[in-house]
Amino acid sequence: MKIDLINLRESFSIFEKEKSSAYLDSAATAQVPDSVINKMEEYYKYYCSNVHRGVNLQNEKSTNEFETARNVIQSFVDAKYVSEIVFTKNCTESINLVANGWAKHNLKAGDGIVLSILEHHSNIVPWLQLKKEIGINLHWIDLSEDGQLDMNQYEKIIEEENIKLVAITGQSNVLGIQTDLINIIAKAKAKGAPVLVDAAQLIAHKQVNVQKLDCDFLAFSGHKLYGPTGIGVLYVKRERQEEMQPWITGGGSVLEVHRDKFIPSETPSMFEAGTPPIAEAIGLAESIKWINMYEWKDIQEYESSLISYATEEMNKISSLKILGSNNKHGCISFILDGIHPHDVADIAGEMDVSIRAGNHCAMPLHTALGIPASNRMSIALYNKKEDIDLLIKAINKAITIFSK
Ligand SMILES: Cc1ncc(COP(=O)(O)O)c(C=O)c1O
């Protein structure tokens with residue numbers, strides 16, 4: 001279906017009232033179409049029950065919907081087997097599952113993990129924790145002069161160090177850079193190192209195909225993909241599953257339990273102990289059905305027209321500096337001369353324009369850029385040029401107030 005903004009915005013009750021507001025914080029959490037909310041409401045109203053546990057009709061229906069959701073996600077990311085799709089609580093938990101369920105059992109002191117300076121804290125802290133626990137080394141890819149990841153540095157690290165995992169974002173939540181995953185993964189593979197892709201930001205802006213990428217793990221959250229909070233996904237390639245141990249354990253993740261031992265079940269249940277986020281998984285599948293109504297090329301074309309427009313308008317403000325290079329997708333981060341980002345976000349907030357201020361959970365990146373904080377505006381498919389006009393108005397108001 002072609003993108004028709006009026007029609008598209010009508011699928012979101014939140015945009016019903018034509019008021020002067022702009023939601024430019026979808027990189028934090030995207031708005032949710034009514035179809036997703038209705039689908040989740042249907043679960044609670046008509047067949048609320050646990051999954052894989054009983055034999056009654058309600059249970060059968062919820063199990064069917066839950067497992068169908070897994071199939072929808074499998075085809076969305078083009079995984080070879082449905083069992084490669086593990087439900088988690090969010091992207092952060094997915095990354096922690098790789099750290100605790102795979103890395104902890106396959107890496108030892110002195111082994112190296114490659115990270116990039118673009119990473120979100122969720123793809124840094126689990127590795128710092130592992131460094132503390134088992135003594136692995138972290139190697140960082142910095143930005144080069146042109147504002148892109150320094151691929152020469154990466155190649156040198158891969159050639160010279162004892163790398164056992166590359167954990168890399170597909171799209172920066174601050175600079176909007178899309179990393180060259182195909183190249184990064186190919187170089188890691190040539191040295192036998194598995195790759196984890198943090199697709200938290202990438203997933204709503206570019207088609208992801210795990211078989212084409214040839215990554216080993218890929219993590220994302222539902223709430224940045226027009227879906228509910230409380231649901232995340234970890235794609236785990238079958239070969240890696242065989243190297244994993246259970247992490248969070250308990251009911252639903254075991255075949256047998258005895259006084260002195262337990263036998264874990266097959267994947268993915270082995271990694272889904274306890275009652276899973278049932279309504280949320282079903283809701284996430286519905287959000288994927290919503291985005292699947294549009295062609296990726298149209299999504300990218302429309303979103304890049306918004307980013308270009310915002311860039312042009314921001315460049316007209318002489319005291320505003322956009323962070324990073326032109327390779328921008330989904331968001332633009334910026335700073336204003338002599339005005340604290342929190343003051344800009346406060347003024348924008350008073351005008352009902354939602355943007356972020358702070359380090360956006362990317363403190364090492366901000367340190368590398370030599371700033372403590374920035375503002376970030378981020379877009380989704382429902383944004384319009386008028387949203388950006390409102391933001392520009394808010395920025396100009398902040399300049400008028402705080403430059404006195
Ligand atoms: C690049 C990136 N990775 C990971 C995360 C963590 O996602 P969540 O908070 O849903 O676990 C975020 C959230 O902003 C992100 O932008």
# chains A, B, ... in the order shown; residues from 1 in each chain; ligands from 1
>>> residues_near_ligand(ligand="ligand 1", cutoff="6 Å", atoms="only C-alpha atoms and all ligand atoms", output="list of chain:residue names")
A:Ala28, A:Asn90, A:Cys91, A:Thr92, A:His120, A:Ser122, A:Ser172, A:Asn173, A:Asp198, A:Ala200, A:Gln201, A:Ser221
>>> write_last_selection(atoms="N, CA and C atoms", output="short mmCIF file (atom, residue, chain, number, x, y, z; two decimals), in the first residue's frame")
data_model
loop_
_atom_site.label_atom_id
_atom_site.label_comp_id
_atom_site.auth_asym_id
_atom_site.auth_seq_id
_atom_site.Cartn_x
_atom_site.Cartn_y
_atom_site.Cartn_z
N ALA A 28 12.63 6.53 21.16
CA ALA A 28 12.48 6.04 22.54
C ALA A 28 11.36 5.01 22.57
N ASN A 90 12.51 -7.28 26.34
CA ASN A 90 12.92 -6.11 25.55
C ASN A 90 14.28 -6.39 24.92
N CYS A 91 14.78 -5.44 24.17
CA CYS A 91 16.07 -5.61 23.50
C CYS A 91 17.19 -5.80 24.54
N THR A 92 17.08 -5.07 25.64
CA THR A 92 18.10 -5.15 26.69
C THR A 92 18.18 -6.58 27.23
N HIS A 120 24.48 1.76 22.44
CA HIS A 120 23.58 2.12 23.54
C HIS A 120 24.08 1.38 24.80
N SER A 122 22.70 -0.49 26.68
CA SER A 122 22.21 -1.88 26.74
C SER A 122 23.12 -2.85 25.99
N SER A 172 22.52 3.81 14.90
CA SER A 172 22.78 4.56 16.14
C SER A 172 21.53 5.29 16.60
N ASN A 173 21.26 5.22 17.91
CA ASN A 173 20.09 5.93 18.46
C ASN A 173 20.40 7.40 18.72
N ASP A 198 22.52 -5.37 17.40
CA ASP A 198 21.50 -4.65 18.17
C ASP A 198 20.66 -3.90 17.15
N ALA A 200 17.64 -2.57 17.71
CA ALA A 200 16.57 -1.81 18.40
C ALA A 200 16.09 -0.65 17.54
N GLN A 201 17.02 0.09 16.94
CA GLN A 201 16.64 1.24 16.11
C GLN A 201 16.42 0.84 14.66
N SER A 221 13.26 -4.63 20.28
CA SER A 221 12.12 -4.46 21.19
C SER A 221 10.86 -4.20 20.38
#
>>> residues_around(residues="Leu391 (chain A)", least_positions_apart="4", cutoff="8 Å", atoms="only C-alpha atoms", output="list in words")
Ala22, Ala348, Val353, Asp387 and Ile395 of chain A
>>> write_last_selection(atoms="C-alpha atoms", output="PDB file, in the first residue's frame")
ATOM      1  CA  ALA A  22       4.422  16.920  17.571  1.00  0.00           C
ATOM      2  CA  ALA A 348       9.559  22.168  23.442  1.00  0.00           C
ATOM      3  CA  VAL A 353       6.661  18.972  21.083  1.00  0.00           C
ATOM      4  CA  ASP A 387       5.792  18.379  13.228  1.00  0.00           C
ATOM      5  CA  ILE A 395      14.002  25.769  19.139  1.00  0.00           C
TER       6      ILE A 395
END
>>> closest_residue(among="A:Leu196, A:Ile157, A:Cys331, A:Ala30", to="Ser94 (chain A)", atoms="only C-alpha atoms")
A:Leu196
>>> residues_around(residues="Thr275 (chain A)", least_positions_apart="6", cutoff="8 Å", atoms="only C-alpha atoms", output="ChimeraX atom specification")
/A:50-51,252
>>> residues_around(residues="region 70-73 of chain A", least_positions_apart="3", cutoff="8 Å", atoms="only C-alpha atoms", output="number ranges by chain")
A: 66-67, 76-77, 82, 85, 281, 285, 288
>>> closest_residue(among="A:Lys261, A:His340, A:Arg9, A:Lys104", to="Leu320 (chain A)", atoms="only C-alpha atoms")
A:His340
